[in-house]
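Peer 1: Just one file: my_file-v1.cif, with mmCIF, C-alpha atoms and all ligand atoms.
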```cif
data_data
#
loop_
_atom_site.group_PDB
_atom_site.id
_atom_site.type_symbol
_atom_site.label_atom_id
_atom_site.label_comp_id
_atom_site.auth_asym_id
_atom_site.auth_seq_id
_atom_site.Cartn_x
_atom_site.Cartn_y
_atom_site.Cartn_z
ATOM 1 C CA MET R 1 -27.092 0.136 3.352
ATOM 2 C CA ARG R 2 -23.590 1.574 3.143
ATOM 3 C CA LYS R 3 -23.166 4.305 0.538
ATOM 4 C CA LEU R 4 -20.174 4.592 -1.690
ATOM 5 C CA LEU R 5 -18.800 7.548 -3.538
ATOM 6 C CA ARG R 6 -18.166 7.155 -7.239
ATOM 7 C CA VAL R 7 -15.844 9.659 -8.878
ATOM 8 C CA ASP R 8 -15.616 9.721 -12.678
ATOM 9 C CA ILE R 9 -12.873 11.740 -14.328
ATOM 10 C CA THR R 10 -12.934 12.019 -18.103
ATOM 11 C CA ALA R 11 -9.791 12.943 -20.004
ATOM 12 C CA ALA R 12 -8.831 13.010 -23.669
ATOM 13 C CA GLY R 13 -6.575 10.037 -24.410
ATOM 14 C CA GLY R 14 -2.815 10.184 -24.820
ATOM 15 C CA GLU R 15 -0.577 12.331 -22.669
ATOM 16 C CA LEU R 16 -3.405 13.870 -20.594
ATOM 17 C CA ALA R 17 -4.839 10.450 -19.733
ATOM 18 C CA GLU R 18 -1.357 9.327 -18.703
ATOM 19 C CA ARG R 19 -1.056 12.295 -16.360
ATOM 20 C CA VAL R 20 -4.439 11.487 -14.789
ATOM 21 C CA GLU R 21 -3.283 7.892 -14.405
ATOM 22 C CA ALA R 22 -0.102 9.006 -12.602
ATOM 23 C CA TRP R 23 -2.205 11.275 -10.359
ATOM 24 C CA LEU R 24 -4.519 8.369 -9.532
ATOM 25 C CA SER R 25 -1.692 5.954 -8.829
ATOM 26 C CA ASP R 26 -0.574 8.297 -6.037
ATOM 27 C CA ARG R 27 -4.055 8.697 -4.552
ATOM 28 C CA ALA R 28 -6.207 5.701 -5.397
ATOM 29 C CA ALA R 29 -3.940 2.798 -4.558
ATOM 30 C CA GLN R 30 -7.004 0.574 -4.247
ATOM 31 C CA GLY R 31 -7.388 0.805 -8.011
ATOM 32 C CA TRP R 32 -9.789 2.267 -10.524
ATOM 33 C CA GLU R 33 -11.577 1.352 -13.715
ATOM 34 C CA GLU R 34 -10.598 2.721 -17.090
ATOM 35 C CA ASP R 35 -13.110 2.711 -19.935
ATOM 36 C CA ALA R 36 -13.686 4.497 -23.196
ATOM 37 C CA ALA R 37 -15.896 7.537 -22.517
ATOM 38 C CA ASP R 38 -19.164 8.007 -24.375
ATOM 39 C CA ASP R 39 -17.464 10.060 -27.096
ATOM 40 C CA GLY R 40 -15.291 7.032 -27.914
ATOM 41 C CA ALA R 41 -12.064 9.073 -27.919
ATOM 42 C CA SER R 42 -11.648 10.027 -24.236
ATOM 43 C CA VAL R 43 -10.893 7.814 -21.258
ATOM 44 C CA ARG R 44 -13.224 7.626 -18.272
ATOM 45 C CA PHE R 45 -11.467 6.878 -14.972
ATOM 46 C CA ARG R 46 -13.841 5.598 -12.299
ATOM 47 C CA VAL R 47 -12.906 5.376 -8.624
ATOM 48 C CA HIS R 48 -15.069 3.899 -5.866
ATOM 49 C CA LEU R 49 -14.522 4.945 -2.292
ATOM 50 C CA GLU R 50 -16.330 4.445 0.970
ATOM 51 C CA ASP R 51 -18.483 7.535 1.448
ATOM 52 C CA ALA R 52 -16.509 9.153 4.268
ATOM 53 C CA PRO R 53 -14.769 12.537 4.684
ATOM 54 C CA PRO R 54 -11.495 11.305 3.056
ATOM 55 C CA ALA R 55 -13.472 10.255 -0.023
ATOM 56 C CA ARG R 56 -15.086 13.705 -0.212
ATOM 57 C CA GLU R 57 -11.602 15.203 0.069
ATOM 58 C CA PHE R 58 -10.437 12.989 -2.772
ATOM 59 C CA ALA R 59 -13.258 14.310 -4.958
ATOM 60 C CA GLU R 60 -12.454 17.912 -3.989
ATOM 61 C CA GLU R 61 -8.774 17.391 -4.714
ATOM 62 C CA ALA R 62 -9.634 15.945 -8.121
ATOM 63 C CA ALA R 63 -11.743 19.009 -8.938
ATOM 64 C CA ARG R 64 -8.955 21.316 -7.754
ATOM 65 C CA ASP R 65 -6.118 19.546 -9.575
ATOM 66 C CA TRP R 66 -8.049 19.011 -12.822
ATOM 67 C CA PRO R 67 -10.173 22.178 -13.167
ATOM 68 C CA ASP R 68 -10.583 21.687 -16.927
ATOM 69 C CA LEU R 69 -11.749 18.070 -16.856
ATOM 70 C CA PRO R 70 -15.340 16.891 -16.439
ATOM 71 C CA ILE R 71 -15.607 15.238 -13.020
ATOM 72 C CA ALA R 72 -18.819 13.549 -11.912
ATOM 73 C CA VAL R 73 -19.361 12.595 -8.290
ATOM 74 C CA SER R 74 -22.261 10.357 -7.288
ATOM 75 C CA THR R 75 -23.197 8.055 -4.450
ATOM 76 C CA ILE R 76 -24.174 4.465 -5.029
ATOM 77 C CA GLU R 77 -25.298 1.549 -2.893
ATOM 78 C CA GLU R 78 -22.633 -0.864 -1.789
ATOM 79 C CA GLU R 79 -24.235 -3.736 -3.660
ATOM 80 C CA ASP R 80 -23.566 -2.119 -7.029
ATOM 81 C CA TRP R 81 -20.115 -1.225 -5.877
ATOM 82 C CA GLY R 82 -19.341 -4.816 -4.933
ATOM 83 C CA ALA R 83 -20.290 -5.918 -8.406
ATOM 84 C CA ALA R 84 -18.196 -3.146 -9.941
ATOM 85 C CA TRP R 85 -15.160 -4.140 -7.909
ATOM 86 C CA MET R 86 -15.450 -7.831 -8.530
ATOM 87 C CA ALA R 87 -15.293 -7.217 -12.237
ATOM 88 C CA PHE R 88 -11.743 -5.974 -12.098
ATOM 89 C CA PHE R 89 -10.208 -6.592 -8.686
ATOM 90 C CA THR R 90 -8.159 -9.621 -9.595
ATOM 91 C CA PRO R 91 -5.801 -11.576 -7.332
ATOM 92 C CA ILE R 92 -2.183 -10.439 -7.488
ATOM 93 C CA GLU R 93 0.687 -12.900 -7.242
ATOM 94 C CA ILE R 94 3.932 -11.567 -5.798
ATOM 95 C CA GLY R 95 7.364 -13.167 -5.860
ATOM 96 C CA GLY R 96 5.977 -16.696 -6.139
ATOM 97 C CA VAL R 97 5.255 -16.502 -2.385
ATOM 98 C CA TYR R 98 2.149 -14.367 -1.961
ATOM 99 C CA GLU R 99 -1.265 -14.033 -3.486
ATOM 100 C CA ILE R 100 -3.282 -10.961 -2.544
ATOM 101 C CA LEU R 101 -7.021 -11.385 -2.660
ATOM 102 C CA PRO R 102 -10.120 -9.357 -1.871
ATOM 103 C CA PRO R 103 -12.251 -10.820 0.957
ATOM 104 C CA TRP R 104 -14.886 -12.206 -1.396
ATOM 105 C CA MET R 105 -12.224 -14.475 -2.888
ATOM 106 C CA ALA R 106 -11.179 -15.916 0.476
ATOM 107 C CA ASP R 107 -11.971 -19.435 -0.723
ATOM 108 C CA HIS R 108 -9.826 -19.108 -3.827
ATOM 109 C CA ASP R 109 -7.218 -21.893 -4.098
ATOM 110 C CA THR R 110 -3.804 -20.192 -3.911
ATOM 111 C CA GLY R 111 -1.862 -23.443 -4.151
ATOM 112 C CA SER R 112 1.505 -23.131 -2.412
ATOM 113 C CA ARG R 113 1.224 -19.336 -2.307
ATOM 114 C CA ARG R 114 0.289 -17.648 0.951
ATOM 115 C CA PRO R 115 -2.940 -15.668 0.779
ATOM 116 C CA ILE R 116 -3.168 -12.098 2.014
ATOM 117 C CA LEU R 117 -6.766 -10.863 2.193
ATOM 118 C CA ILE R 118 -7.145 -7.121 1.854
ATOM 119 C CA GLU R 119 -10.412 -5.233 1.963
ATOM 120 C CA PRO R 120 -10.151 -2.419 -0.599
ATOM 121 C CA LYS R 121 -10.836 0.575 1.642
ATOM 122 C CA MET R 122 -9.430 4.029 2.169
ATOM 123 C CA ALA R 123 -6.096 2.897 3.648
ATOM 124 C CA PHE R 124 -3.211 2.575 1.230
ATOM 125 C CA GLY R 125 -1.958 -0.902 0.424
ATOM 126 C CA THR R 126 -3.909 -3.400 -1.674
ATOM 127 C CA GLY R 127 -0.795 -4.674 -3.429
ATOM 128 C CA HIS R 128 -1.767 -2.902 -6.648
ATOM 129 C CA HIS R 129 0.786 -0.170 -6.094
ATOM 130 C CA PRO R 130 4.401 -0.913 -7.073
ATOM 131 C CA THR R 131 5.749 0.473 -3.788
ATOM 132 C CA THR R 132 3.835 -2.178 -1.816
ATOM 133 C CA ALA R 133 4.655 -4.957 -4.271
ATOM 134 C CA LEU R 134 8.379 -4.092 -4.074
ATOM 135 C CA CYS R 135 8.356 -4.632 -0.284
ATOM 136 C CA LEU R 136 6.513 -7.941 -0.552
ATOM 137 C CA GLU R 137 8.979 -9.019 -3.240
ATOM 138 C CA ALA R 138 11.850 -8.234 -0.883
ATOM 139 C CA PHE R 139 10.191 -10.404 1.813
ATOM 140 C CA ALA R 140 9.587 -13.176 -0.726
ATOM 141 C CA THR R 141 13.261 -13.181 -1.744
ATOM 142 C CA ALA R 142 14.416 -13.174 1.881
ATOM 143 C CA HIS R 143 12.012 -15.996 2.682
ATOM 144 C CA GLN R 144 13.230 -18.089 -0.251
ATOM 145 C CA ALA R 145 16.839 -17.493 0.854
ATOM 146 C CA GLY R 146 15.911 -18.780 4.330
ATOM 147 C CA TRP R 147 16.651 -15.494 6.086
ATOM 148 C CA LEU R 148 13.273 -15.094 7.736
ATOM 149 C CA THR R 149 12.531 -17.277 10.738
ATOM 150 C CA PRO R 150 9.497 -17.417 13.040
ATOM 151 C CA ASP R 151 11.475 -16.175 16.048
ATOM 152 C CA MET R 152 11.899 -12.810 14.328
ATOM 153 C CA ARG R 153 9.939 -9.679 15.219
ATOM 154 C CA PHE R 154 8.993 -7.085 12.644
ATOM 155 C CA LEU R 155 8.139 -3.388 12.644
ATOM 156 C CA ASP R 156 5.771 -2.266 9.881
ATOM 157 C CA LEU R 157 6.167 1.517 9.947
ATOM 158 C CA GLY R 158 3.314 3.246 8.106
ATOM 159 C CA THR R 159 1.245 0.083 8.073
ATOM 160 C CA GLY R 160 -1.706 1.532 6.067
ATOM 161 C CA SER R 161 -3.928 -1.446 5.276
ATOM 162 C CA GLY R 162 -1.582 -3.659 7.333
ATOM 163 C CA ILE R 163 -0.534 -5.547 4.216
ATOM 164 C CA LEU R 164 3.217 -5.727 4.885
ATOM 165 C CA GLY R 165 2.893 -6.902 8.474
ATOM 166 C CA ILE R 166 0.244 -9.435 7.480
ATOM 167 C CA GLY R 167 2.636 -10.660 4.762
ATOM 168 C CA LEU R 168 5.361 -11.177 7.362
ATOM 169 C CA CYS R 169 2.905 -12.949 9.700
ATOM 170 C CA ARG R 170 2.192 -15.304 6.809
ATOM 171 C CA LEU R 171 5.891 -16.265 6.913
ATOM 172 C CA GLY R 172 5.623 -16.988 10.634
ATOM 173 C CA LEU R 173 7.014 -13.746 12.044
ATOM 174 C CA THR R 174 5.307 -11.628 14.677
ATOM 175 C CA GLY R 175 5.468 -7.900 15.216
ATOM 176 C CA LEU R 176 3.981 -4.453 15.322
ATOM 177 C CA GLY R 177 2.320 -2.171 12.770
ATOM 178 C CA VAL R 178 2.104 1.564 13.426
ATOM 179 C CA ASP R 179 0.625 4.437 11.450
ATOM 180 C CA ILE R 180 0.184 8.119 12.197
ATOM 181 C CA ASP R 181 -3.268 7.985 10.579
ATOM 182 C CA PRO R 182 -5.872 6.533 12.978
ATOM 183 C CA GLN R 183 -8.120 5.598 10.067
ATOM 184 C CA ALA R 184 -5.332 3.482 8.572
ATOM 185 C CA VAL R 185 -4.886 1.669 11.889
ATOM 186 C CA TRP R 186 -8.621 1.033 11.908
ATOM 187 C CA CYS R 187 -8.416 -0.524 8.418
ATOM 188 C CA ALA R 188 -5.297 -2.484 9.366
ATOM 189 C CA ALA R 189 -7.149 -3.902 12.393
ATOM 190 C CA ASP R 190 -9.949 -5.098 10.110
ATOM 191 C CA ASN R 191 -7.465 -6.761 7.779
ATOM 192 C CA VAL R 192 -5.504 -8.327 10.634
ATOM 193 C CA ARG R 193 -8.759 -9.914 11.839
ATOM 194 C CA LEU R 194 -9.754 -10.905 8.317
ATOM 195 C CA ASN R 195 -6.460 -12.785 7.959
ATOM 196 C CA GLY R 196 -6.683 -14.321 11.431
ATOM 197 C CA VAL R 197 -3.273 -12.985 12.490
ATOM 198 C CA GLU R 198 -4.419 -11.117 15.625
ATOM 199 C CA ASP R 199 -1.947 -13.147 17.677
ATOM 200 C CA GLY R 200 0.944 -12.239 15.392
ATOM 201 C CA MET R 201 0.476 -8.543 14.740
ATOM 202 C CA SER R 202 -0.308 -5.744 17.158
ATOM 203 C CA LEU R 203 -1.191 -2.226 16.039
ATOM 204 C CA ALA R 204 -0.776 1.284 17.369
ATOM 205 C CA VAL R 205 -1.414 4.824 16.208
ATOM 206 C CA GLY R 206 1.889 6.675 15.967
ATOM 207 C CA GLY R 207 5.249 6.879 14.275
ATOM 208 C CA VAL R 208 8.857 6.048 15.205
ATOM 209 C CA GLY R 209 8.482 8.406 18.143
ATOM 210 C CA CYS R 210 5.983 6.104 19.872
ATOM 211 C CA LEU R 211 8.439 3.190 20.025
ATOM 212 C CA ALA R 212 10.469 2.340 23.085
ATOM 213 C CA GLU R 213 13.897 3.839 22.403
ATOM 214 C CA ASP R 214 15.736 0.558 22.888
ATOM 215 C CA SER R 215 13.281 -1.606 20.898
ATOM 216 C CA ARG R 216 14.918 -3.500 18.022
ATOM 217 C CA TYR R 217 13.260 -5.454 15.227
ATOM 218 C CA ALA R 218 14.791 -8.136 13.013
ATOM 219 C CA VAL R 219 12.763 -6.827 10.081
ATOM 220 C CA VAL R 220 11.819 -3.174 9.646
ATOM 221 C CA ALA R 221 9.701 -2.169 6.647
ATOM 222 C CA ALA R 222 8.665 1.399 5.862
ATOM 223 C CA ASN R 223 6.788 2.218 2.680
ATOM 224 C CA ILE R 224 6.338 5.942 3.238
ATOM 225 C CA LEU R 225 7.942 8.614 1.024
ATOM 226 C CA ALA R 226 11.517 9.731 0.371
ATOM 227 C CA ALA R 227 11.411 12.959 2.407
ATOM 228 C CA PRO R 228 10.109 11.478 5.693
ATOM 229 C CA LEU R 229 12.355 8.430 5.247
ATOM 230 C CA ILE R 230 15.353 10.757 4.959
ATOM 231 C CA ALA R 231 14.258 12.810 7.958
ATOM 232 C CA MET R 232 13.746 9.685 10.098
ATOM 233 C CA ALA R 233 16.911 7.847 8.947
ATOM 234 C CA PRO R 234 18.832 7.792 12.275
ATOM 235 C CA ARG R 235 15.730 6.827 14.249
ATOM 236 C CA ILE R 236 14.679 4.096 11.849
ATOM 237 C CA VAL R 237 18.199 2.633 11.757
ATOM 238 C CA SER R 238 18.293 2.637 15.576
ATOM 239 C CA HIS R 239 15.345 0.210 15.619
ATOM 240 C CA VAL R 240 16.897 -2.368 13.274
ATOM 241 C CA ALA R 241 18.379 -5.290 15.209
ATOM 242 C CA GLU R 242 22.017 -6.247 14.658
ATOM 243 C CA GLY R 243 22.113 -8.243 11.417
ATOM 244 C CA GLY R 244 18.462 -7.397 10.736
ATOM 245 C CA MET R 245 16.739 -6.470 7.523
ATOM 246 C CA LEU R 246 15.501 -3.019 6.537
ATOM 247 C CA VAL R 247 13.207 -2.435 3.557
ATOM 248 C CA LEU R 248 12.366 1.122 2.491
ATOM 249 C CA SER R 249 9.876 1.956 -0.233
ATOM 250 C CA GLY R 250 7.687 4.780 -1.528
ATOM 251 C CA ILE R 251 10.798 6.234 -3.164
ATOM 252 C CA LEU R 252 10.856 7.549 -6.714
ATOM 253 C CA GLU R 253 13.847 6.115 -8.534
ATOM 254 C CA THR R 254 15.145 9.661 -8.976
ATOM 255 C CA GLN R 255 15.191 10.036 -5.157
ATOM 256 C CA ALA R 256 16.883 6.716 -4.390
ATOM 257 C CA ASP R 257 20.419 8.167 -4.290
ATOM 258 C CA ALA R 258 19.409 10.807 -1.757
ATOM 259 C CA VAL R 259 17.709 8.220 0.475
ATOM 260 C CA THR R 260 20.727 5.904 0.196
ATOM 261 C CA ALA R 261 23.023 8.787 1.199
ATOM 262 C CA ALA R 262 20.920 9.540 4.301
ATOM 263 C CA TYR R 263 21.079 5.911 5.418
ATOM 264 C CA ARG R 264 24.814 5.725 4.652
ATOM 265 C CA ALA R 265 25.235 8.732 6.942
ATOM 266 C CA ALA R 266 23.235 6.807 9.575
ATOM 267 C CA GLY R 267 25.795 3.984 9.360
ATOM 268 C CA LEU R 268 24.408 1.539 6.786
ATOM 269 C CA PRO R 269 26.294 0.054 3.799
ATOM 270 C CA GLU R 270 25.047 0.114 0.194
ATOM 271 C CA PRO R 271 21.508 -1.273 -0.151
ATOM 272 C CA GLU R 272 20.101 -3.561 -2.780
ATOM 273 C CA ARG R 273 17.877 -1.556 -5.108
ATOM 274 C CA ARG R 274 14.723 -2.888 -6.757
ATOM 275 C CA VAL R 275 12.915 -0.866 -9.377
ATOM 276 C CA SER R 276 9.370 -1.067 -10.688
ATOM 277 C CA GLY R 277 8.292 1.640 -13.134
ATOM 278 C CA GLU R 278 9.269 4.970 -11.632
ATOM 279 C CA TRP R 279 9.491 3.538 -8.097
ATOM 280 C CA ALA R 280 12.431 2.050 -6.214
ATOM 281 C CA SER R 281 12.834 0.161 -2.955
ATOM 282 C CA LEU R 282 16.009 -0.207 -0.928
ATOM 283 C CA THR R 283 16.869 -3.311 1.089
ATOM 284 C CA TRP R 284 19.647 -3.829 3.608
ATOM 285 C CA ARG R 285 20.375 -7.068 5.329
HETATM 286 N N1 LIG R 301 2.510 -0.215 4.367
HETATM 287 C C1 LIG R 301 1.447 -0.039 3.399
HETATM 288 C C2 LIG R 301 0.947 1.380 3.346
HETATM 289 C C3 LIG R 301 1.940 2.376 2.816
HETATM 290 S S1 LIG R 301 1.246 4.016 2.605
HETATM 291 C C4 LIG R 301 1.919 -0.536 2.041
HETATM 292 O O1 LIG R 301 3.098 -0.824 1.912
HETATM 293 O O2 LIG R 301 1.119 -0.610 1.111
HETATM 294 C C5 LIG R 301 2.120 4.931 3.817
HETATM 295 C C6 LIG R 301 1.464 4.946 5.170
HETATM 296 O O3 LIG R 301 2.390 5.562 6.048
HETATM 297 C C7 LIG R 301 0.179 5.755 5.242
HETATM 298 O O4 LIG R 301 -0.832 4.961 5.809
HETATM 299 C C8 LIG R 301 0.541 6.943 6.140
HETATM 300 O O5 LIG R 301 -0.510 7.334 6.996
HETATM 301 C C9 LIG R 301 1.708 6.415 6.940
HETATM 302 N N2 LIG R 301 2.711 7.399 7.389
HETATM 303 C C10 LIG R 301 3.135 8.498 6.741
HETATM 304 N N3 LIG R 301 4.123 9.099 7.450
HETATM 305 C C11 LIG R 301 4.327 8.342 8.555
HETATM 306 C C12 LIG R 301 5.199 8.434 9.669
HETATM 307 N N4 LIG R 301 6.069 9.437 9.798
HETATM 308 N N5 LIG R 301 5.140 7.483 10.625
HETATM 309 C C13 LIG R 301 4.247 6.458 10.511
HETATM 310 N N6 LIG R 301 3.381 6.331 9.491
HETATM 311 C C14 LIG R 301 3.427 7.248 8.521
#
```
Once more with this new file: its structure as structure tokens, please.
Peer 2:
Amino acid sequence: MRKLLRVDITAAGGELAERVEAWLSDRAAQGWEEDAADDGASVRFRVHLEDAPPAREFAEEAARDWPDLPIAVSTIEEEDWGAAWMAFFTPIEIGGVYEILPPWMADHDTGSRRPILIEPKMAFGTGHHPTTALCLEAFATAHQAGWLTPDMRFLDLGTGSGILGIGLCRLGLTGLGVDIDPQAVWCAADNVRLNGVEDGMSLAVGGVGCLAEDSRYAVVAANILAAPLIAMAPRIVSHVAEGGMLVLSGILETQADAVTAAYRAAGLPEPERRVSGEWASLTWR
């Protein structure tokens, strides 16, 4: 049976627990559990990961970044893990258009909302993180405004779990997801199959550099980070079709001006800015 790694980090409540939470939100986008620790005063953060080298690295990074906190690492059988997940992995509704579900809820009635099934694995993107939700919200708004049509092709740059491309497939579009991390592409392929959108979304390992220079996409989405988005600005803009839509995310609100400036320099007008917590996304259309 598949083994899973369980990492428990215990922190005194208050400001320290908030810092651990912020640390986790950058590294455990698939979510975690938060409970009162045995002493009643501290918080126990519990993360479950597939037992693979990246999970071991996560545990090592936790020990390195939080040398003063008790960290317990154990392996468990997948069965227990499934039960642990089901207890708190709830469907997420986004923009009135999408509902994101784990695979074991595939039969869940989503009503008029379009289901996106995502297996919570190592690749980033279960919809729990604001940066992902901001992109899906931008698609939902564009869909409701009638801007997205099935003849359009998308580029999902930094596809991770494949969630953004799958979301666009759900609106009838077709396109390509790429990621520089082969493991992410592997996860994305699983999710593409799980959602039955193999005909709509192709995948490749790589970044903007692997695209044909003259390829243009009606929708380009990139939820990466401010610094690489700034560095890639001219190349990303060159792949957006005339009159197309560009959605950038993974940007801290404090970095949004710098990203906007880089894309202004690459020829774009002022974007629409969406904010969720400390994160911002930028949308051009
Ligand atoms: N699109 C998903 C995942 C975002 S996480 C979502 O919105 O939830 C960012 C992903 O971008 C990671 O999987 C990472 O491997 C990938 N990535 C980082 N830099 C990249 C680059 N320069 N080109 C392509 N992918 C990149």
Peer 1: With distances taken over all atoms listed in the file, which of R:Pro150, R:Gly96, R:Gly196, R:Pro130 is nearest to ligand LIG 301 (chain R)?
Peer 2: R:Pro130
Peer 1: Output the neighbourhood of ligand LIG 301 (chain R) as a VMD selection string, that is, all protein and nucleic acid residues with some atom at most 7 Å from the ligand, counting all atoms listed in the file.
Peer 2: chain R and resid 123 to 127 131 to 132 135 156 to 164 178 to 181 184 206 to 208 222 to 224 228
Peer 1: If I take CA of Thr174 (chain R) and CA of Thr90 (chain R), how far is one from the other in Å, to one decimal?
Peer 2: 27.8 Å
Peer 1: Using only C-alpha atoms, what does the table of region 104-144 of chain R residues within 10 Å of region 268-274 of chain R look like, with each row giving the shortest atom pair and its distance in Å to one decimal, sorted by chain and ascending number, as CSV?
Peer 2:
```
residue,atom,partner,partner_atom,distance
R:Leu134,CA,R:Arg274,CA,7.0
R:Cys135,CA,R:Arg274,CA,9.2
R:Glu137,CA,R:Arg274,CA,9.1
R:Ala138,CA,R:Arg274,CA,8.4
```
Peer 1: Check what the PyMOL selection byres (((chain R and resi 73) around 12) and not hetatm) selects in the file above and give those residues as number ranges by chain.
Peer 2: R: 4-10, 45-49, 51, 55-60, 62-63, 70-72, 74-76
Peer 1: Write the selection just made, keeping C-alpha atoms, as a short mmCIF file (atom, residue, chain, number, x, y, z; two decimals), keeping the file's coordinate frame?
Peer 2:
```
data_model
loop_
_atom_site.label_atom_id
_atom_site.label_comp_id
_atom_site.auth_asym_id
_atom_site.auth_seq_id
_atom_site.Cartn_x
_atom_site.Cartn_y
_atom_site.Cartn_z
CA LEU R 4 -20.17 4.59 -1.69
CA LEU R 5 -18.80 7.55 -3.54
CA ARG R 6 -18.17 7.16 -7.24
CA VAL R 7 -15.84 9.66 -8.88
CA ASP R 8 -15.62 9.72 -12.68
CA ILE R 9 -12.87 11.74 -14.33
CA THR R 10 -12.93 12.02 -18.10
CA PHE R 45 -11.47 6.88 -14.97
CA ARG R 46 -13.84 5.60 -12.30
CA VAL R 47 -12.91 5.38 -8.62
CA HIS R 48 -15.07 3.90 -5.87
CA LEU R 49 -14.52 4.94 -2.29
CA ASP R 51 -18.48 7.54 1.45
CA ALA R 55 -13.47 10.26 -0.02
CA ARG R 56 -15.09 13.70 -0.21
CA GLU R 57 -11.60 15.20 0.07
CA PHE R 58 -10.44 12.99 -2.77
CA ALA R 59 -13.26 14.31 -4.96
CA GLU R 60 -12.45 17.91 -3.99
CA ALA R 62 -9.63 15.94 -8.12
CA ALA R 63 -11.74 19.01 -8.94
CA PRO R 70 -15.34 16.89 -16.44
CA ILE R 71 -15.61 15.24 -13.02
CA ALA R 72 -18.82 13.55 -11.91
CA SER R 74 -22.26 10.36 -7.29
CA THR R 75 -23.20 8.06 -4.45
CA ILE R 76 -24.17 4.46 -5.03
#
```
Peer 1: So which one's closest to Ala52 (chain R), R:Glu242, R:Lys3, R:Asp199, R:Trp147? Using only C-alpha atoms, please.
Peer 2: R:Lys3
Peer 1: If I take CA of Pro102 (chain R) and CA of Gly177 (chain R), how far is one from the other in Å, to one decimal?
Peer 2: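 Interatomic distance here is 20.5 Å.
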Peer 1: Applied to the shown file, which residues does the PyMOL selection byres (((chain R and resi 187) around 9) and not hetatm) return, written as a PyMOL selection string?
Peer 2: chain R and resi 119+121-123+160-162+182-186+188-192
Peer 1: For this structure, which residues satisfy the selection - the PyMOL selection byres (((chain R and resi 105-116) around 7) and not hetatm) - when it is evaluated on the file as given? I want them as an mmCIF file with C-alpha atoms, keeping the file's coordinate frame.
Peer 2:
```cif
data_model
loop_
_atom_site.group_PDB
_atom_site.id
_atom_site.type_symbol
_atom_site.label_atom_id
_atom_site.label_comp_id
_atom_site.auth_asym_id
_atom_site.auth_seq_id
_atom_site.Cartn_x
_atom_site.Cartn_y
_atom_site.Cartn_z
ATOM 1 C CA GLY R 96 5.977 -16.696 -6.139
ATOM 2 C CA VAL R 97 5.255 -16.502 -2.385
ATOM 3 C CA TYR R 98 2.149 -14.367 -1.961
ATOM 4 C CA GLU R 99 -1.265 -14.033 -3.486
ATOM 5 C CA ILE R 100 -3.282 -10.961 -2.544
ATOM 6 C CA LEU R 101 -7.021 -11.385 -2.660
ATOM 7 C CA PRO R 102 -10.120 -9.357 -1.871
ATOM 8 C CA PRO R 103 -12.251 -10.820 0.957
ATOM 9 C CA TRP R 104 -14.886 -12.206 -1.396
ATOM 10 C CA LEU R 117 -6.766 -10.863 2.193
ATOM 11 C CA ILE R 118 -7.145 -7.121 1.854
ATOM 12 C CA ILE R 166 0.244 -9.435 7.480
ATOM 13 C CA GLY R 167 2.636 -10.660 4.762
ATOM 14 C CA ARG R 170 2.192 -15.304 6.809
ATOM 15 C CA ASN R 195 -6.460 -12.785 7.959
#
```
Peer 1: Which of these, R:Ala262, R:Leu203, R:Ala37, R:Ala221, has the shortest distance to Leu136 (chain R) once you count all atoms listed in the file?
Peer 2: R:Ala221
Peer 1: Please check which residues have atoms at most 10 Å from (-5.2, 10.1, -18.5) in the file's coordinates, counting all atoms listed in the file, and write them as number ranges by chain.
Peer 2: R: 9-24, 34, 42-45
Peer 1: Would you kindly return, as a list in words, each protein, DNA or RNA residue with an atom no farther than 10 Å from any atom of Leu229 (chain R), considering all atoms listed in the file and excluding same-chain residues fewer than 4 positions away?
Peer 2: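 Residues near the query, excluding close chain neighbours: Ala222, Asn223, Ile224, Leu225, Ala233, Pro234, Arg235, Ile236, Leu248, Ser249, Gly250, Ile251, Val259, Ala262 and Tyr263 of chain R.
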Peer 1: Just write the chosen residues, C-alpha atoms, as a PDB file, in the frame of the given file.
Peer 2:
```pdb
ATOM      1  CA  ALA R 222       8.665   1.399   5.862  1.00  0.00           C
ATOM      2  CA  ASN R 223       6.788   2.218   2.680  1.00  0.00           C
ATOM      3  CA  ILE R 224       6.338   5.942   3.238  1.00  0.00           C
ATOM      4  CA  LEU R 225       7.942   8.614   1.024  1.00  0.00           C
ATOM      5  CA  ALA R 233      16.911   7.847   8.947  1.00  0.00           C
ATOM      6  CA  PRO R 234      18.832   7.792  12.275  1.00  0.00           C
ATOM      7  CA  ARG R 235      15.730   6.827  14.249  1.00  0.00           C
ATOM      8  CA  ILE R 236      14.679   4.096  11.849  1.00  0.00           C
ATOM      9  CA  LEU R 248      12.366   1.122   2.491  1.00  0.00           C
ATOM     10  CA  SER R 249       9.876   1.956  -0.233  1.00  0.00           C
ATOM     11  CA  GLY R 250       7.687   4.780  -1.528  1.00  0.00           C
ATOM     12  CA  ILE R 251      10.798   6.234  -3.164  1.00  0.00           C
ATOM     13  CA  VAL R 259      17.709   8.220   0.475  1.00  0.00           C
ATOM     14  CA  ALA R 262      20.920   9.540   4.301  1.00  0.00           C
ATOM     15  CA  TYR R 263      21.079   5.911   5.418  1.00  0.00           C
TER      16      TYR R 263
END
```
Peer 1: Smallest atom-to-atom distance to Asp257 (chain R): which of R:Leu173, R:Met245, R:Val197, R:Ile230, using only C-alpha atoms?
Peer 2: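 Between R:Leu173, R:Met245, R:Val197, R:Ile230, the residue approaching Asp257 (chain R) most closely is R:Ile230.
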Peer 1: How far is it from CA of Leu155 (chain R) to CA of Ser276 (chain R), in Å with one decimal?
Peer 2: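 These atoms are spaced 23.5 Å apart.
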